[in-house]
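Before any comments, here is the structure.
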Amino acid sequence: MNLDDEICYCYHVPMRKLINYAKRVKPQRHSQMTECLGAGTGCGWCIPFLVKIATDPDAFAESELSAEEYAAQRTVYRSTGAEKNTFKASEA
Ligand code: FES
């Protein structure tokens with residue numbers, strides 16, 4: 001993925017915004033990432049990725065996952081009706 005790829009599809013928040021936010025704010029709680037343009041407050045798909053960015057912004061930028069793979073995984077998440085991702089579950 002590159003910096004201009006969207007991490008939160010629901011609110012169209014690109015990785016660059018999230019990484020810059022995490023570096024600037026240094027969130028004390030992962031759920032603070034929602035304060036960056038509402039990321040994570042829709043379907044919940046991106047929450048585990050927001051947690052990774054909050055924890056180590058530089059590491060996630062080097063992710064091997066392609067934008068196409070990321071989008072395909074979200075499609076599966078949305079179609080299975082699985083339990084919605086939450087920050088609480090990601091922090092457990
Ligand atoms: S993709 Fe981020 S909340 Fe849906």
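Residue numbering restarts at 1 for every chain of the structure tokens, chains are lettered A, B, ... in their displayed order, and ligands are numbered from 1 as they appear.
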Pick out each residue of range 9-71 of chain A that DSSP on the backbone tags as alpha helix (DSSP H); I need them as a CSV table (one decimal) with N, CA and C atoms, in the first residue's frame.
chain,number,residue,atom,x,y,z
A,15,MET,N,-3.9,6.6,4.2
A,15,MET,CA,-2.9,6.2,5.2
A,15,MET,C,-2.1,7.4,5.6
A,16,ARG,N,-1.7,8.3,4.7
A,16,ARG,CA,-0.9,9.5,5.0
A,16,ARG,C,-1.5,10.3,6.1
A,17,LYS,N,-2.8,10.6,6.0
A,17,LYS,CA,-3.5,11.4,7.1
A,17,LYS,C,-3.4,10.7,8.4
A,18,LEU,N,-3.6,9.3,8.4
A,18,LEU,CA,-3.6,8.6,9.7
A,18,LEU,C,-2.2,8.5,10.3
A,19,ILE,N,-1.3,8.3,9.5
A,19,ILE,CA,0.1,8.2,10.0
A,19,ILE,C,0.5,9.6,10.5
A,20,ASN,N,0.2,10.7,9.8
A,20,ASN,CA,0.6,12.0,10.3
A,20,ASN,C,-0.2,12.3,11.6
A,21,TYR,N,-1.4,11.9,11.7
A,21,TYR,CA,-2.2,12.1,12.9
A,21,TYR,C,-1.5,11.3,14.1
A,22,ALA,N,-1.2,10.1,13.8
A,22,ALA,CA,-0.7,9.3,14.9
A,22,ALA,C,0.7,9.8,15.4
A,23,LYS,N,1.5,10.3,14.5
A,23,LYS,CA,2.8,10.9,14.8
A,23,LYS,C,2.6,12.2,15.6
A,24,ARG,N,1.6,13.0,15.2
A,24,ARG,CA,1.4,14.3,15.8
A,24,ARG,C,0.8,14.2,17.2
A,25,VAL,N,-0.3,13.3,17.3
A,25,VAL,CA,-1.1,13.2,18.5
A,25,VAL,C,-0.5,12.2,19.5
A,47,ILE,N,-10.5,-0.9,11.7
A,47,ILE,CA,-10.0,-0.7,13.1
A,47,ILE,C,-8.7,-1.4,13.5
A,48,PRO,N,-8.6,-2.7,13.1
A,48,PRO,CA,-7.3,-3.3,13.4
A,48,PRO,C,-6.1,-2.6,12.7
A,49,PHE,N,-6.3,-2.0,11.6
A,49,PHE,CA,-5.3,-1.3,10.9
A,49,PHE,C,-5.0,0.0,11.6
A,50,LEU,N,-6.1,0.7,12.1
A,50,LEU,CA,-5.9,1.9,12.8
A,50,LEU,C,-5.1,1.7,14.1
A,51,VAL,N,-5.3,0.5,14.7
A,51,VAL,CA,-4.6,0.1,15.9
A,51,VAL,C,-3.1,0.0,15.6
A,52,LYS,N,-2.8,-0.7,14.5
A,52,LYS,CA,-1.4,-0.8,14.1
A,52,LYS,C,-0.8,0.5,13.8
A,53,ILE,N,-1.5,1.4,13.1
A,53,ILE,CA,-0.9,2.7,12.8
A,53,ILE,C,-0.7,3.5,14.1
A,54,ALA,N,-1.6,3.4,15.0
A,54,ALA,CA,-1.5,4.1,16.3
A,54,ALA,C,-0.3,3.6,17.1
A,55,THR,N,-0.1,2.3,17.0
A,55,THR,CA,1.0,1.6,17.8
A,55,THR,C,2.4,1.9,17.2
A,57,PRO,N,3.4,3.9,13.6
A,57,PRO,CA,3.0,4.5,12.3
A,57,PRO,C,4.0,4.1,11.2
A,58,ASP,N,5.3,4.1,11.5
A,58,ASP,CA,6.3,3.8,10.4
A,58,ASP,C,6.3,2.4,10.0
A,59,ALA,N,6.0,1.5,10.9
A,59,ALA,CA,6.0,0.1,10.5
A,59,ALA,C,4.8,-0.2,9.5
A,60,PHE,N,3.7,0.4,9.8
A,60,PHE,CA,2.5,0.1,8.9
A,60,PHE,C,2.7,0.6,7.5
A,61,ALA,N,3.4,1.8,7.4
A,61,ALA,CA,3.7,2.3,6.1
A,61,ALA,C,4.5,1.4,5.2
A,67,ALA,N,-2.9,-2.5,-2.0
A,67,ALA,CA,-4.2,-1.9,-1.9
A,67,ALA,C,-5.3,-2.8,-2.4
A,68,GLU,N,-5.1,-3.6,-3.4
A,68,GLU,CA,-6.1,-4.5,-4.0
A,68,GLU,C,-6.4,-5.6,-3.0
A,69,GLU,N,-5.3,-6.1,-2.3
A,69,GLU,CA,-5.6,-7.2,-1.3
A,69,GLU,C,-6.4,-6.6,-0.1
A,70,TYR,N,-6.0,-5.4,0.3
A,70,TYR,CA,-6.7,-4.7,1.4
A,70,TYR,C,-8.2,-4.6,1.0
A,71,ALA,N,-8.5,-4.1,-0.2
A,71,ALA,CA,-9.9,-3.9,-0.6
A,71,ALA,C,-10.6,-5.2,-0.7
Exercise for the section: With only C-alpha atoms and all ligand atoms counted, collect every polymer residue having an atom within 10 Å of ligand 1; state the result as number ranges by chain. Expected result: A: 6-13, 34, 38-50, 71, 74, 78, 84-86
Practice task
Run DSSP on the backbone and give me the residues of chain A it puts in strand (DSSP E or B), as a PyMOL selection string.
Solution key: chain A and resi 6-8+13-14
